[in-house]
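Engineer: Attaching a single structure in structure tokens format; questions to follow.
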Amino acid sequence: MINKEQIQNLANTIFQDVVGYRQHLHMNPELSFQEFQTSSFIQDKLTSWGIPFTIMANTGVVGLIKGDLPSEEVIALRGDIDALPIVEANDKPYVSKNPGVMHACGHDVHTSSLLGAAYILNEMKAEFGGTIKLIFQPGEEILPGGASLMIAEGVLENPRPASIIGQHVMPWIDAGKVGFRSGIYMASADELYVTVKGKGGHGAQPQQNIDPVLITSHIIVALQQIVSRNADPRLPSVLSFGKVIANGATNIIPNEVKLEGTFRTLNEEWRAEAKRLMKKMAEGIAESMGGSCEFNIMHGYPFLVNEEKLTASARGYAEDYLGKENVVDLDIWMAAEDFAYYSQVTDACFYRLGTGNEAKGTKYSVHHPNFDVDEDALKISTGLMAYIALKQLGN
């Protein structure tokens, strides 16, 4: 039977090292699919602990820890390793040394926490049965998503895990707490790239032109009806445009306008239908106003679903490890995560690690240049993940 206190003691032993790992990674962030130094850092740690590993998707690292007791059970733990193209605005000693690149989504926490969990599990392998697959995954932040590439390369085979667990920082939850939600949790995300073409000319002679700016404005407003009038009101859907480029001037109507946005929802059938309707509506509006529209959709991550039985078990283990008062309920979140790919092919549980602390200034949202974490969260991130894994294996 797994000794919870032993795991907690090992987590305390490795805590300062894990903080050091996190600060090293934070100072040396690398963009998606360019995480070569990060990958080498992970490999060096696993090598020093005698944990075998393979390389996938160029910079991904997949380690294996096999318990000494007899068991064929396998579980996977995942941490993502890439950073974002953001200029960091913090003034901490561990601020990013790579200009314009920042761990603004907590992947430094995820990687260092998984390393800490690996240390704990490796130290305890004489006391458990089963195999733990450690997935250090690149490229979560950009399409097609490192998860999809690693799955294609066989990360969920040889050995095949019965389930996969992931954790992600959450600044709105206080450090020392974690959050769970069963069932559908995060949204699908598709990227929209639209070019509206007309006929440019002098702004004082609109009768001689076909104004793509005006056409685009009609398209932006009209497409919101797809959500408000075609979607089931009980089904969350989000359509947002964040980039409009019309390179004209105060008195120049341009030839074309570029428009970029995102569409998110929680149902695959409606997702496909909504994209069909958006394309048809935009092209129809442009044609009716004398212009044309190229409506391109980059198919993104699917929605993320937490398998109910697995998530209920993991939540129960978290309550046992942390105390029931430190485990909170999560609401649906319309952000997207490529962990969703794992959840589409095997039982998955993606939970939230609280990193917020108002007094320490760590309440900024992820993807914000002032994002930071209360590193006290690392006191539980390693041991909890190890505990959930071992209990899930039946130890």
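Labels for the structure tokens follow display order: chains A, B, ..., residues from 1 in each chain, ligands from 1.
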Neighbouring residues of A:Pro159 were defined as those with any atom within 10 Å, considering only C-alpha atoms; residues of the same chain fewer than 2 positions away were excluded. Please report them as a ChimeraX atom specification.

Structural biologist: /A:64,72-76,131-133,154-157,161-162

Engineer: Based on the selection just made, write all heavy atoms of those residues as a short mmCIF file (atom, residue, chain, number, x, y, z; two decimals), in the first residue's frame.

Structural biologist:
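Generated output (out37.cif):
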```cif
data_model
loop_
_atom_site.label_atom_id
_atom_site.label_comp_id
_atom_site.auth_asym_id
_atom_site.auth_seq_id
_atom_site.Cartn_x
_atom_site.Cartn_y
_atom_site.Cartn_z
N LEU A 64 10.21 6.33 -19.03
CA LEU A 64 9.49 5.19 -18.49
C LEU A 64 10.03 4.82 -17.12
O LEU A 64 11.24 4.65 -16.95
CB LEU A 64 9.59 3.97 -19.41
CG LEU A 64 8.71 3.89 -20.66
CD1 LEU A 64 9.02 2.61 -21.41
CD2 LEU A 64 7.24 3.95 -20.29
N GLU A 72 0.85 -5.21 -14.90
CA GLU A 72 0.88 -4.81 -16.29
C GLU A 72 0.21 -3.46 -16.53
O GLU A 72 0.09 -3.00 -17.65
CB GLU A 72 0.21 -5.88 -17.17
CG GLU A 72 0.89 -7.24 -17.13
CD GLU A 72 2.33 -7.17 -17.60
OE1 GLU A 72 2.60 -6.50 -18.63
OE2 GLU A 72 3.20 -7.78 -16.93
N GLU A 73 -0.25 -2.82 -15.45
CA GLU A 73 -0.95 -1.55 -15.58
C GLU A 73 0.01 -0.44 -16.03
O GLU A 73 1.18 -0.42 -15.64
CB GLU A 73 -1.59 -1.15 -14.25
CG GLU A 73 -2.68 -2.08 -13.78
CD GLU A 73 -3.89 -2.06 -14.70
OE1 GLU A 73 -4.28 -0.96 -15.14
OE2 GLU A 73 -4.42 -3.15 -14.99
N VAL A 74 -0.51 0.48 -16.87
CA VAL A 74 0.30 1.59 -17.37
C VAL A 74 -0.53 2.87 -17.30
O VAL A 74 -1.70 2.88 -17.65
CB VAL A 74 0.74 1.36 -18.84
CG1 VAL A 74 1.64 2.50 -19.32
CG2 VAL A 74 1.45 0.02 -18.99
N ILE A 75 0.11 3.93 -16.85
CA ILE A 75 -0.53 5.25 -16.83
C ILE A 75 0.48 6.27 -17.37
O ILE A 75 1.69 6.10 -17.23
CB ILE A 75 -1.01 5.64 -15.42
CG1 ILE A 75 -1.88 6.90 -15.46
CG2 ILE A 75 0.17 5.86 -14.47
CD1 ILE A 75 -2.56 7.23 -14.14
N ALA A 76 -0.02 7.32 -18.01
CA ALA A 76 0.85 8.36 -18.55
C ALA A 76 0.64 9.67 -17.80
O ALA A 76 -0.48 10.00 -17.39
CB ALA A 76 0.58 8.57 -20.04
N THR A 131 3.64 0.61 -14.69
CA THR A 131 4.57 1.46 -15.44
C THR A 131 4.00 2.85 -15.58
O THR A 131 2.81 3.02 -15.88
CB THR A 131 4.84 0.87 -16.84
OG1 THR A 131 5.41 -0.44 -16.68
CG2 THR A 131 5.79 1.75 -17.63
N ILE A 132 4.85 3.85 -15.38
CA ILE A 132 4.46 5.24 -15.56
C ILE A 132 5.22 5.81 -16.74
O ILE A 132 6.45 5.76 -16.78
CB ILE A 132 4.72 6.09 -14.30
CG1 ILE A 132 3.83 5.60 -13.15
CG2 ILE A 132 4.43 7.55 -14.56
CD1 ILE A 132 4.53 5.32 -11.89
N LYS A 133 4.47 6.31 -17.70
CA LYS A 133 5.07 6.93 -18.89
C LYS A 133 5.08 8.43 -18.68
O LYS A 133 4.04 9.05 -18.43
CB LYS A 133 4.26 6.55 -20.13
CG LYS A 133 4.83 7.09 -21.44
CD LYS A 133 4.07 6.53 -22.64
CE LYS A 133 4.55 5.14 -23.01
NZ LYS A 133 4.05 4.72 -24.36
N GLY A 154 3.23 7.48 -31.92
CA GLY A 154 3.06 6.30 -31.07
C GLY A 154 3.29 6.50 -29.60
O GLY A 154 3.56 5.53 -28.88
N VAL A 155 3.14 7.72 -29.11
CA VAL A 155 3.40 7.96 -27.69
C VAL A 155 2.43 7.20 -26.78
O VAL A 155 2.77 6.90 -25.62
CB VAL A 155 3.36 9.48 -27.37
CG1 VAL A 155 1.93 10.01 -27.38
CG2 VAL A 155 4.05 9.77 -26.04
N LEU A 156 1.25 6.87 -27.29
CA LEU A 156 0.28 6.12 -26.49
C LEU A 156 0.32 4.62 -26.79
O LEU A 156 -0.64 3.91 -26.53
CB LEU A 156 -1.13 6.68 -26.72
CG LEU A 156 -1.34 8.13 -26.29
CD1 LEU A 156 -2.78 8.57 -26.53
CD2 LEU A 156 -0.96 8.35 -24.83
N GLU A 157 1.44 4.17 -27.31
CA GLU A 157 1.64 2.74 -27.58
C GLU A 157 2.97 2.29 -26.95
O GLU A 157 3.82 3.10 -26.63
CB GLU A 157 1.68 2.47 -29.09
CG GLU A 157 0.46 2.97 -29.86
CD GLU A 157 -0.82 2.24 -29.48
OE1 GLU A 157 -0.73 1.10 -28.97
OE2 GLU A 157 -1.91 2.82 -29.69
N PRO A 161 -0.83 3.24 -22.35
CA PRO A 161 -1.42 3.61 -21.06
C PRO A 161 -2.94 3.49 -21.07
O PRO A 161 -3.58 3.79 -22.07
CB PRO A 161 -0.99 5.06 -20.86
CG PRO A 161 -0.79 5.58 -22.25
CD PRO A 161 -0.32 4.42 -23.08
N ALA A 162 -3.49 3.05 -19.96
CA ALA A 162 -4.95 2.97 -19.83
C ALA A 162 -5.55 4.36 -19.64
O ALA A 162 -6.73 4.56 -19.91
CB ALA A 162 -5.32 2.07 -18.66
#
```

Engineer: Write out as a list in words each polymer residue whose atoms come within 12 Å of A:Ala222, counting only C-alpha atoms; drop sequence neighbours fewer than 4 positions from it.

Structural biologist: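 Everything that qualifies: Ile215, Thr216, Ser217, His218, Ile226, Val227, Ser228, Arg229, Asn230, Leu239, Leu277, Met278, Lys279, Lys280, Met281, Ala282, Glu283, Gly284, Ile285 and Ala286 of chain A.
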
Engineer: Which of these, A:Phe295, A:Phe36, A:Phe263, A:Phe15, has the shortest distance to A:Tyr119 once you count only C-alpha atoms?

Structural biologist: A:Phe15

Engineer: Would you please give, as number ranges by chain, all residues of stretch 153-384 of chain A that DSSP assigns to alpha helix (DSSP H) based on the backbone?

Structural biologist: A: 212-225, 268-288, 308-322, 339-345, 378-384

Engineer: Restricting the calculation to only C-alpha atoms: of A:Asn326, A:Asn247, A:Gln8, A:Ser292, which residue gets closest to A:Val194?

Structural biologist: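 Ranked by minimum distance to A:Val194, first place goes to A:Ser292.
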
Engineer: Which residue out of A:Ile173, A:Ala189, A:Lys199, A:Thr54 has the minimum interatomic distance to A:Asn158 when only C-alpha atoms are used?

Structural biologist: A:Thr54

Engineer: So, counting only C-alpha atoms, which residue among A:Gly290, A:Asn3, A:Ala89, A:Ile51 is closest to A:Gln208?

Structural biologist: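 Checking each candidate against A:Gln208, we get A:Gly290 as the closest.
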
Engineer: Pick from A:Gln392, A:Val238, A:Phe339, A:Val345: nearest to A:Leu310, with only C-alpha atoms counted?

Structural biologist: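 For A:Leu310, the nearest of the candidates is A:Gln392.
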
Engineer: Hey, what's within 8 Å of stretch 305-307 of chain A if we count only C-alpha atoms and toss same-chain stuff fewer than 6 positions away? As a PyMOL selection string, please?

Structural biologist: chain A and resi 181-186+340+343-344+347-350

Engineer: Can I get the selection written as a short mmCIF file (atom, residue, chain, number, x, y, z; two decimals), in the first residue's frame, with all heavy atoms?

Structural biologist:
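Saved result, part00.cif, follows:
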```cif
data_model
loop_
_atom_site.label_atom_id
_atom_site.label_comp_id
_atom_site.auth_asym_id
_atom_site.auth_seq_id
_atom_site.Cartn_x
_atom_site.Cartn_y
_atom_site.Cartn_z
N ARG A 181 -12.86 19.06 -12.93
CA ARG A 181 -14.17 19.04 -13.56
C ARG A 181 -14.29 17.76 -14.37
O ARG A 181 -13.41 17.46 -15.20
CB ARG A 181 -14.40 20.25 -14.47
CG ARG A 181 -15.78 20.23 -15.14
CD ARG A 181 -15.99 21.39 -16.09
NE ARG A 181 -17.32 21.32 -16.68
CZ ARG A 181 -18.43 21.78 -16.11
NH1 ARG A 181 -18.35 22.39 -14.93
NH2 ARG A 181 -19.60 21.68 -16.70
N SER A 182 -15.37 17.02 -14.18
CA SER A 182 -15.63 15.83 -14.98
C SER A 182 -16.40 16.19 -16.25
O SER A 182 -17.14 17.17 -16.27
CB SER A 182 -16.46 14.81 -14.17
OG SER A 182 -15.70 14.25 -13.13
N GLY A 183 -16.20 15.39 -17.28
CA GLY A 183 -16.90 15.61 -18.53
C GLY A 183 -16.22 16.66 -19.39
O GLY A 183 -15.03 16.94 -19.25
N ILE A 184 -16.99 17.27 -20.31
CA ILE A 184 -16.42 18.28 -21.20
C ILE A 184 -15.94 19.47 -20.38
O ILE A 184 -16.67 20.01 -19.55
CB ILE A 184 -17.46 18.73 -22.24
CG1 ILE A 184 -17.79 17.56 -23.18
CG2 ILE A 184 -16.96 19.92 -23.03
CD1 ILE A 184 -18.90 17.87 -24.16
N TYR A 185 -14.69 19.88 -20.64
CA TYR A 185 -14.09 20.94 -19.82
C TYR A 185 -13.62 22.13 -20.66
O TYR A 185 -13.90 23.27 -20.33
CB TYR A 185 -12.92 20.37 -19.01
CG TYR A 185 -12.12 21.41 -18.26
CD1 TYR A 185 -12.75 22.45 -17.59
CD2 TYR A 185 -10.73 21.36 -18.24
CE1 TYR A 185 -12.03 23.42 -16.92
CE2 TYR A 185 -10.00 22.32 -17.56
CZ TYR A 185 -10.64 23.34 -16.91
OH TYR A 185 -9.92 24.30 -16.25
N MET A 186 -12.89 21.88 -21.75
CA MET A 186 -12.34 22.98 -22.55
C MET A 186 -12.82 22.88 -24.00
O MET A 186 -13.23 21.82 -24.46
CB MET A 186 -10.81 22.98 -22.47
CG MET A 186 -10.30 23.24 -21.06
SD MET A 186 -8.49 23.25 -20.94
CE MET A 186 -8.11 24.77 -21.81
N ALA A 340 -6.33 17.95 -25.32
CA ALA A 340 -7.61 17.42 -25.81
C ALA A 340 -7.41 16.25 -26.77
O ALA A 340 -8.25 15.34 -26.82
CB ALA A 340 -8.41 18.53 -26.49
N SER A 343 -7.33 13.19 -24.87
CA SER A 343 -8.65 12.86 -24.32
C SER A 343 -9.58 12.27 -25.36
O SER A 343 -10.59 11.66 -25.01
CB SER A 343 -9.29 14.11 -23.68
OG SER A 343 -9.88 14.96 -24.64
N GLN A 344 -9.26 12.46 -26.64
CA GLN A 344 -10.10 11.90 -27.70
C GLN A 344 -9.77 10.43 -27.98
O GLN A 344 -10.56 9.74 -28.63
CB GLN A 344 -9.91 12.71 -28.99
CG GLN A 344 -10.35 14.17 -28.87
CD GLN A 344 -11.83 14.36 -28.79
OE1 GLN A 344 -12.58 13.71 -29.49
NE2 GLN A 344 -12.28 15.28 -27.94
N ASP A 347 -8.70 7.47 -21.94
CA ASP A 347 -9.25 8.13 -20.76
C ASP A 347 -8.26 9.19 -20.27
O ASP A 347 -7.06 8.93 -20.15
CB ASP A 347 -9.49 7.11 -19.65
CG ASP A 347 -10.64 6.17 -19.97
OD1 ASP A 347 -11.36 6.43 -20.95
OD2 ASP A 347 -10.80 5.17 -19.25
N ALA A 348 -8.77 10.38 -19.98
CA ALA A 348 -7.90 11.50 -19.62
C ALA A 348 -8.49 12.29 -18.47
O ALA A 348 -9.70 12.36 -18.30
CB ALA A 348 -7.69 12.41 -20.83
N CYS A 349 -7.58 12.90 -17.70
CA CYS A 349 -7.96 13.82 -16.64
C CYS A 349 -7.00 14.99 -16.65
O CYS A 349 -5.79 14.81 -16.49
CB CYS A 349 -7.95 13.14 -15.27
SG CYS A 349 -8.27 14.29 -13.90
N PHE A 350 -7.53 16.19 -16.86
CA PHE A 350 -6.75 17.42 -16.93
C PHE A 350 -7.24 18.32 -15.80
O PHE A 350 -8.38 18.79 -15.83
CB PHE A 350 -6.97 18.07 -18.29
CG PHE A 350 -6.00 19.16 -18.63
CD1 PHE A 350 -4.65 18.89 -18.78
CD2 PHE A 350 -6.44 20.46 -18.84
CE1 PHE A 350 -3.75 19.89 -19.13
CE2 PHE A 350 -5.56 21.47 -19.19
CZ PHE A 350 -4.21 21.18 -19.34
#
```

Engineer: For atom CA of A:Leu143 and atom CA of A:Ala274, determine how far apart the two atoms are, in Å to one decimal place.

Structural biologist: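 Between these atoms lies a distance of 20.4 Å.
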
Engineer: Fewer than 6 positions away in the same chain doesn't count, so skip those; otherwise give me all residues within 8 Å of A:Ile297, counting only C-alpha atoms, as a list in words.

Structural biologist: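 The residues satisfying every condition are Asp190, Glu191, Leu192, Tyr193 and Lys275 of chain A.
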
Engineer: For the atom pair atom CA of A:Val61 and atom CA of A:Ile81, what is the interatomic distance in Å to one decimal place?

Structural biologist: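 If I compute the distance from atom CA of A:Val61 to atom CA of A:Ile81, I get 9.8 Å.
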
Engineer: Go ahead and compute the interatomic distance for atom CA of A:Lys66 and atom CA of A:Arg22, in Å to one decimal.

Structural biologist: 25.7 Å

Engineer: Which residues come within 10 Å of A:Gly356, counting only C-alpha atoms, excluding same-chain residues fewer than 4 positions away, as a PyMOL selection string?

Structural biologist: chain A and resi 169-177+360-365+372-377

Engineer: With C-alpha atoms retained, write the just-selected residues as an mmCIF file, in the first residue's frame.

Structural biologist:
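Saved file selection23.cif follows:
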```cif
data_model
loop_
_atom_site.group_PDB
_atom_site.id
_atom_site.type_symbol
_atom_site.label_atom_id
_atom_site.label_comp_id
_atom_site.auth_asym_id
_atom_site.auth_seq_id
_atom_site.Cartn_x
_atom_site.Cartn_y
_atom_site.Cartn_z
ATOM 1 C CA VAL A 169 -1.477 26.260 -13.696
ATOM 2 C CA MET A 170 -4.466 28.403 -12.775
ATOM 3 C CA PRO A 171 -3.753 31.886 -11.306
ATOM 4 C CA TRP A 172 -7.377 32.323 -10.163
ATOM 5 C CA ILE A 173 -7.012 29.423 -7.742
ATOM 6 C CA ASP A 174 -4.864 30.029 -4.665
ATOM 7 C CA ALA A 175 -1.584 28.172 -4.377
ATOM 8 C CA GLY A 176 -2.111 25.057 -2.278
ATOM 9 C CA LYS A 177 -5.408 24.207 -3.985
ATOM 10 C CA LYS A 360 2.794 37.984 -4.139
ATOM 11 C CA GLY A 361 1.291 39.535 -7.268
ATOM 12 C CA THR A 362 0.595 36.241 -9.019
ATOM 13 C CA LYS A 363 -2.999 36.845 -10.074
ATOM 14 C CA TYR A 364 -2.232 37.906 -13.638
ATOM 15 C CA SER A 365 -3.808 35.767 -16.336
ATOM 16 C CA ASP A 372 4.088 34.635 -12.600
ATOM 17 C CA VAL A 373 3.323 31.916 -10.060
ATOM 18 C CA ASP A 374 3.514 31.471 -6.316
ATOM 19 C CA GLU A 375 6.240 28.838 -6.217
ATOM 20 C CA ASP A 376 4.724 27.373 -3.051
ATOM 21 C CA ALA A 377 2.444 25.574 -5.539
#
```

Engineer: Rank A:Ile65, A:Met298, A:Leu214, A:Ile253 by their smallest atom-to-atom distance to A:Met124, using only C-alpha atoms, and report the top residue only.

Structural biologist: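 Checking each of A:Ile65, A:Met298, A:Leu214, A:Ile253 against A:Met124, counting only C-alpha atoms, the winner is A:Ile65.
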
Engineer: Looking only at strand (DSSP E or B) from DSSP on the backbone, list the matching residues of stretch 139-190 of chain A as a list in words.

Structural biologist: Ser163, Ile164, Ile165, Gly166, Gln167, His168, Val169, Met170, Pro171, Trp172, Ile173, Asp174, Val178, Gly179, Phe180, Gly183, Ile184, Tyr185, Met186 and Asp190 of chain A
